[in-house]
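Visitor: Have a look at this one before I ask anything.
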Amino acid sequence: MYPKIIIDKNKLIDNTIRMKHLTEANGISYLSLVVKVLAGYFPAVEAITSAGIECLADSRIENLKKFQSLPVKKALMRLPMPSQASMVVRYADWSLNSEINTVRKLNNAAKNQGKRHGIILMFDMGDLREGIFYQDDYLDIVDEILAMDHIDLIGIGTNLTCYGGVIPDHENLSNLVKIAHTIEHEFDIELPLISGGNSSTVHLFDTHQIPEGINHLRIGEALLLGRETAYGKALEGFHDDVFTLQAQLIELKEKPSYPIGKIGMNSFGEIPIIQDKGWMRRGILAIGKQDVQLDNLLPLDLGVELIGGSSDHLIVELPNDSYKVGDVLSFRPNYPGLLQLMTSSYVKKELR
């Protein structure tokens with residue numbers, strides 16, 4: 001059945017093992033693997049845990065619920081919704097937090113369930129997404145959290161590059177370590193985790209620029225697609241072809257490349273910009289923008305070029321007349337494309 005994403009199990013496991021070794025070699029003793037891009041696809045997540053991952057992290061509590069049978073810790077990466085406090089405590093061992101009112105609700109939910117819930121208190125080191133702004137006061141918040149009877153403050157953390165594109169470096173990560181030391185000194189405690197970000201921090205590996213004290217990362221794309229996300233550079237020895245999209249041709253025609261008639265908006269309310277390349281051999285594949293933003297795909301068949309598409313159709317230029325209706329073309333998705341494809345219920349998933 002098509003379209004489908006083929007996931008190479010052996011390469012996925014190999015990348016997982018390589019990332020464990022790479023993080024350990026760079027002083028990261030605790031790795032949480034962010035699997036949100038897999039959209040809860042259990043066979044792939046199970047394969048990852050077989051490689052010795054200690055903690056699975058996801059931004060959707062609904063996915064963590066699916067993973068309860070796996071013998072690993074589960075972490076919620078998106079700040080919890082207050083309305084889901086009970087679910088968060090039930091299905092996640094710990095979560096990232098920045099709002100004291102939400103932590104209060106988590107404490108109450110944990111009390112009702114007879115459980116303890118861990119939190120990493122997030123600090124915004126300049127990227128301007130989630131977290132207490134690093135220049136603001138925070139000791140009163142920490143004091144209240146430490147007084148809660150069903151919450152464990154297991155560490156502090158930050159997130160970089162995801163919104164503002166701010167690159168993790170020695171300076172902003174050192175400021176995070178300073179905050180951790182201030183908390184430890186003020187309250188005479190030891191924070192088990194100082195979480196220095198995500199796959200964008202990987203660019204600091206082997207540079208001696210990760211400050212002493214950073215001992216935890218939350219990594220997804222670097223492992224799954226084999227590249228760090230600060231500059232998009234490939235990681236040596238990692239597979240970048242774990243995921244392949246296959247889609248089937250449903251039409252082949254010789255047609256002009258430029259529309260005939262007055263041009264207005266397309267089906268997505270856009271005025272299309274189309275290059276006139278003369279007549280061409282055009283193919284239509286049974287996948288569209290409802291499943292993936294088309295420019296997030298890279299054709300793997302030699303000479304095939306993406307032309308455009310609509311909600312249910314992907315139009316390509318074909319290099320020759322060797323293709324026929326029913327043939328299957330392959331594509332490599334980037335990270336946003338993979339997230340969209342894995343989320344679409346119309347795209348089959350297959351672990352091989």
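Identifiers for the structure tokens are assigned positionally: chains receive A, B, ... in sequence, residues are indexed from 1 per chain, and ligands are indexed from 1 in the order shown.
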Please identify all polymer residues within 10 Å of A:Pro336, counting only C-alpha atoms, omitting same-chain residues fewer than 2 positions from it, and present them as an mmCIF file with C-alpha atoms, in the first residue's frame.
Guide:
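Wrote result-v1.cif, looks like this:
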```cif
data_model
loop_
_atom_site.group_PDB
_atom_site.id
_atom_site.type_symbol
_atom_site.label_atom_id
_atom_site.label_comp_id
_atom_site.auth_asym_id
_atom_site.auth_seq_id
_atom_site.Cartn_x
_atom_site.Cartn_y
_atom_site.Cartn_z
ATOM 1 C CA VAL A 37 8.756 12.816 14.969
ATOM 2 C CA VAL A 292 3.434 16.736 3.673
ATOM 3 C CA GLN A 293 4.674 20.138 2.559
ATOM 4 C CA ASN A 296 10.249 19.022 2.374
ATOM 5 C CA LEU A 297 10.905 16.079 0.032
ATOM 6 C CA PRO A 333 12.098 13.698 3.781
ATOM 7 C CA ASN A 334 13.770 16.339 5.915
ATOM 8 C CA LEU A 338 9.153 13.393 8.309
ATOM 9 C CA LEU A 339 7.090 14.866 11.137
ATOM 10 C CA GLN A 340 4.229 15.570 8.734
ATOM 11 C CA LEU A 341 4.402 12.184 7.026
#
```
Visitor: What parts of stretch 28-268 of chain A does DSSP call alpha helix (DSSP H)? I'd like the answer as a PyMOL selection string.
Guide: chain A and resi 42-49+61-66+85-91+100-113+139-147+170-187+221-225
Visitor: Please provide as an NGL selection string all residues within 10 Å of stretch 196-211 of chain A, with the sequence filter that same-chain residues fewer than 5 positions apart are discarded (counting only C-alpha atoms).
Guide: :A and (19 or 22-23 or 25-28 or 32-34 or 156-162 or 165-177 or 216-223 or 226-235)
Visitor: Determine, counting only C-alpha atoms, which protein, DNA and RNA residues have an atom within 6 Å of an atom of A:Val242; residues of the same chain fewer than 2 positions away are not included. Present the result as a ChimeraX atom specification.
Guide: /A:7-8,11,240
Visitor: Those selected residues, please, written with N, CA and C atoms and delivered as a PDB file, in the first residue's frame.
Guide:
```
ATOM      1  N   ILE A   7      11.094   2.473   7.240  1.00  0.00           N
ATOM      2  CA  ILE A   7      12.060   2.779   8.288  1.00  0.00           C
ATOM      3  C   ILE A   7      13.049   1.616   8.372  1.00  0.00           C
ATOM      4  N   ASP A   8      14.306   1.914   8.175  1.00  0.00           N
ATOM      5  CA  ASP A   8      15.346   0.887   8.214  1.00  0.00           C
ATOM      6  C   ASP A   8      15.703   0.606   9.675  1.00  0.00           C
ATOM      7  N   LYS A  11      19.571   0.462  10.646  1.00  0.00           N
ATOM      8  CA  LYS A  11      20.213   1.777  10.644  1.00  0.00           C
ATOM      9  C   LYS A  11      19.715   2.622  11.815  1.00  0.00           C
ATOM     10  N   ASP A 240      22.018   8.819   7.287  1.00  0.00           N
ATOM     11  CA  ASP A 240      21.054   9.889   7.002  1.00  0.00           C
ATOM     12  C   ASP A 240      19.870   9.379   6.189  1.00  0.00           C
TER      13      ASP A 240
END
```
Visitor: I'd like to know which of A:Asp295, A:Glu130, A:Asp143, A:Glu350 is closest to A:Leu79, using only C-alpha atoms.
Guide: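 Smallest separation from A:Leu79 among the options: A:Glu130.
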Visitor: Using only C-alpha atoms, determine which residues lie at most 10 Å from A:Gln84, disregarding the query and same-chain residues fewer than 3 positions distant; provide the list as a PyMOL selection string.
Guide: chain A and resi 61+80-81+87-90+102+105-106+109
Visitor: Please list as a PyMOL selection string every residue within 12 Å of A:Met122, counting only C-alpha atoms and excluding residues in the same chain fewer than 4 positions away.
Guide: chain A and resi 77-79+95-100+128-134+138+141-142+153-160+176+179-180+193-197
Visitor: If you count only C-alpha atoms, which residues fall within 12 Å of A:Leu70, apart from same-chain ones fewer than 5 positions away, as a PDB file with N, CA and C atoms, in the first residue's frame?
Guide:
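The resulting file, selection.pdb, is reproduced below:
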```pdb
ATOM      1  N   PHE A  42       4.776   2.682  17.333  1.00  0.00           N
ATOM      2  CA  PHE A  42       5.345   1.835  18.371  1.00  0.00           C
ATOM      3  C   PHE A  42       6.490   0.952  17.886  1.00  0.00           C
ATOM      4  N   PRO A  43       6.402   0.280  16.719  1.00  0.00           N
ATOM      5  CA  PRO A  43       7.499  -0.611  16.324  1.00  0.00           C
ATOM      6  C   PRO A  43       8.858   0.092  16.256  1.00  0.00           C
ATOM      7  N   VAL A  45       9.735   2.917  17.885  1.00  0.00           N
ATOM      8  CA  VAL A  45      10.125   3.320  19.237  1.00  0.00           C
ATOM      9  C   VAL A  45      10.634   2.119  20.027  1.00  0.00           C
ATOM     10  N   GLU A  46       9.994   0.990  19.857  1.00  0.00           N
ATOM     11  CA  GLU A  46      10.437  -0.230  20.535  1.00  0.00           C
ATOM     12  C   GLU A  46      11.832  -0.622  20.072  1.00  0.00           C
ATOM     13  N   ALA A  47      12.106  -0.477  18.781  1.00  0.00           N
ATOM     14  CA  ALA A  47      13.435  -0.804  18.256  1.00  0.00           C
ATOM     15  C   ALA A  47      14.502   0.087  18.881  1.00  0.00           C
ATOM     16  N   ILE A  48      14.183   1.354  19.064  1.00  0.00           N
ATOM     17  CA  ILE A  48      15.128   2.286  19.676  1.00  0.00           C
ATOM     18  C   ILE A  48      15.444   1.877  21.111  1.00  0.00           C
ATOM     19  N   THR A  49      14.426   1.532  21.865  1.00  0.00           N
ATOM     20  CA  THR A  49      14.657   1.170  23.265  1.00  0.00           C
ATOM     21  C   THR A  49      15.470  -0.112  23.385  1.00  0.00           C
ATOM     22  N   SER A  50      15.406  -0.973  22.369  1.00  0.00           N
ATOM     23  CA  SER A  50      16.187  -2.208  22.406  1.00  0.00           C
ATOM     24  C   SER A  50      17.681  -1.926  22.343  1.00  0.00           C
ATOM     25  N   GLY A  52      19.180   0.232  24.180  1.00  0.00           N
ATOM     26  CA  GLY A  52      19.649   0.648  25.494  1.00  0.00           C
ATOM     27  C   GLY A  52      19.334   2.070  25.892  1.00  0.00           C
ATOM     28  N   ILE A  53      18.375   2.704  25.228  1.00  0.00           N
ATOM     29  CA  ILE A  53      17.955   4.048  25.620  1.00  0.00           C
ATOM     30  C   ILE A  53      17.244   3.982  26.972  1.00  0.00           C
ATOM     31  N   GLU A  54      17.574   4.912  27.862  1.00  0.00           N
ATOM     32  CA  GLU A  54      17.011   4.904  29.211  1.00  0.00           C
ATOM     33  C   GLU A  54      15.746   5.739  29.339  1.00  0.00           C
ATOM     34  N   CYS A  55      15.567   6.711  28.432  1.00  0.00           N
ATOM     35  CA  CYS A  55      14.425   7.619  28.571  1.00  0.00           C
ATOM     36  C   CYS A  55      13.896   8.017  27.197  1.00  0.00           C
ATOM     37  N   LEU A  56      12.592   7.871  26.999  1.00  0.00           N
ATOM     38  CA  LEU A  56      11.904   8.339  25.804  1.00  0.00           C
ATOM     39  C   LEU A  56      11.205   9.654  26.121  1.00  0.00           C
ATOM     40  N   LEU A  64       3.098   9.103  24.782  1.00  0.00           N
ATOM     41  CA  LEU A  64       3.704   8.465  25.954  1.00  0.00           C
ATOM     42  C   LEU A  64       2.788   7.394  26.532  1.00  0.00           C
ATOM     43  N   LYS A  65       1.506   7.603  26.414  1.00  0.00           N
ATOM     44  CA  LYS A  65       0.541   6.593  26.880  1.00  0.00           C
ATOM     45  C   LYS A  65       0.735   5.283  26.130  1.00  0.00           C
ATOM     46  N   TYR A  91       1.212   9.181  32.969  1.00  0.00           N
ATOM     47  CA  TYR A  91       1.942   8.558  31.866  1.00  0.00           C
ATOM     48  C   TYR A  91       3.373   9.061  31.674  1.00  0.00           C
TER      49      TYR A  91
END
```
Visitor: Determine the nearest neighbour of A:Gly118 from the options A:Val72, A:Leu191, A:Leu351, A:Leu249, counting only C-alpha atoms.
Guide: A:Leu191
Visitor: Can you work out which one of A:Phe268, A:Lys73, A:Ala39, A:Asp327 has the shortest atom-to-atom distance to A:Arg60, counting only C-alpha atoms?
Guide: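 Comparing A:Phe268, A:Lys73, A:Ala39, A:Asp327 against A:Arg60, the winner is A:Ala39.
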Visitor: Give me, as JSON, numbers by chain, the residues of stretch 109-230 of chain A that a backbone DSSP run labels strand (DSSP E).
Guide: {"A": [117, 118, 119, 120, 121, 122, 123, 124, 132, 133, 151, 152, 153, 154, 155, 156, 157, 193, 194, 195, 216, 217, 218, 219]}
Visitor: Taking C-alpha atoms for each residue, export the selection above as a PDB file, in the first residue's frame.
Guide:
```pdb
ATOM      1  CA  HIS A 117       6.456  13.443  39.585  1.00  0.00           C
ATOM      2  CA  GLY A 118       9.789  14.848  38.499  1.00  0.00           C
ATOM      3  CA  ILE A 119      10.217  18.192  36.796  1.00  0.00           C
ATOM      4  CA  ILE A 120      12.999  19.984  34.985  1.00  0.00           C
ATOM      5  CA  LEU A 121      12.560  23.718  35.513  1.00  0.00           C
ATOM      6  CA  MET A 122      13.174  25.432  32.194  1.00  0.00           C
ATOM      7  CA  PHE A 123      15.126  28.649  31.711  1.00  0.00           C
ATOM      8  CA  ASP A 124      15.060  30.819  28.592  1.00  0.00           C
ATOM      9  CA  ILE A 132      11.885  31.554  32.972  1.00  0.00           C
ATOM     10  CA  PHE A 133      13.910  34.375  31.434  1.00  0.00           C
ATOM     11  CA  ILE A 151       7.117  16.905  43.171  1.00  0.00           C
ATOM     12  CA  ASP A 152      10.829  16.219  42.702  1.00  0.00           C
ATOM     13  CA  LEU A 153      12.986  18.946  41.185  1.00  0.00           C
ATOM     14  CA  ILE A 154      15.313  16.717  39.175  1.00  0.00           C
ATOM     15  CA  GLY A 155      17.091  19.507  37.351  1.00  0.00           C
ATOM     16  CA  ILE A 156      16.994  22.632  35.248  1.00  0.00           C
ATOM     17  CA  GLY A 157      17.226  22.975  31.490  1.00  0.00           C
ATOM     18  CA  LEU A 193      20.363  17.019  35.760  1.00  0.00           C
ATOM     19  CA  ILE A 194      21.477  20.157  33.955  1.00  0.00           C
ATOM     20  CA  SER A 195      19.866  19.778  30.552  1.00  0.00           C
ATOM     21  CA  HIS A 216      21.843  15.831  29.941  1.00  0.00           C
ATOM     22  CA  LEU A 217      20.584  16.389  26.400  1.00  0.00           C
ATOM     23  CA  ARG A 218      17.244  15.810  24.690  1.00  0.00           C
ATOM     24  CA  ILE A 219      18.114  14.555  21.198  1.00  0.00           C
TER      25      ILE A 219
END
```
Visitor: Taking into account only C-alpha atoms, which residue in the set A:Met342, A:Ala110, A:Met280, A:Leu12 is nearest to A:Leu245?
Guide: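 For A:Leu245, the nearest of the candidates is A:Met342.
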Visitor: Could you check how far atom CA of A:Tyr335 sits from atom CA of A:Ala44, in Å to one decimal?
Guide: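 Atom-to-atom, atom CA of A:Tyr335 and atom CA of A:Ala44 are spaced 16.0 Å apart.
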Visitor: Interatomic distance between atom CA of A:Trp279 and atom CA of A:Lys255?
Guide: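 Computing the Euclidean distance for atom CA of A:Trp279 and atom CA of A:Lys255 yields 5.5 Å.
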Visitor: With only C-alpha atoms as the atoms that count, which of A:Asp241, A:Asp301, A:Asp149, A:Glu317 lies nearest to A:Arg116?
Guide: A:Asp149
Visitor: Of the candidates A:Ser310, A:Thr244, A:Asn101, A:Asn15, which one gets nearest to A:Arg352 if we count only C-alpha atoms?
Guide: A:Thr244
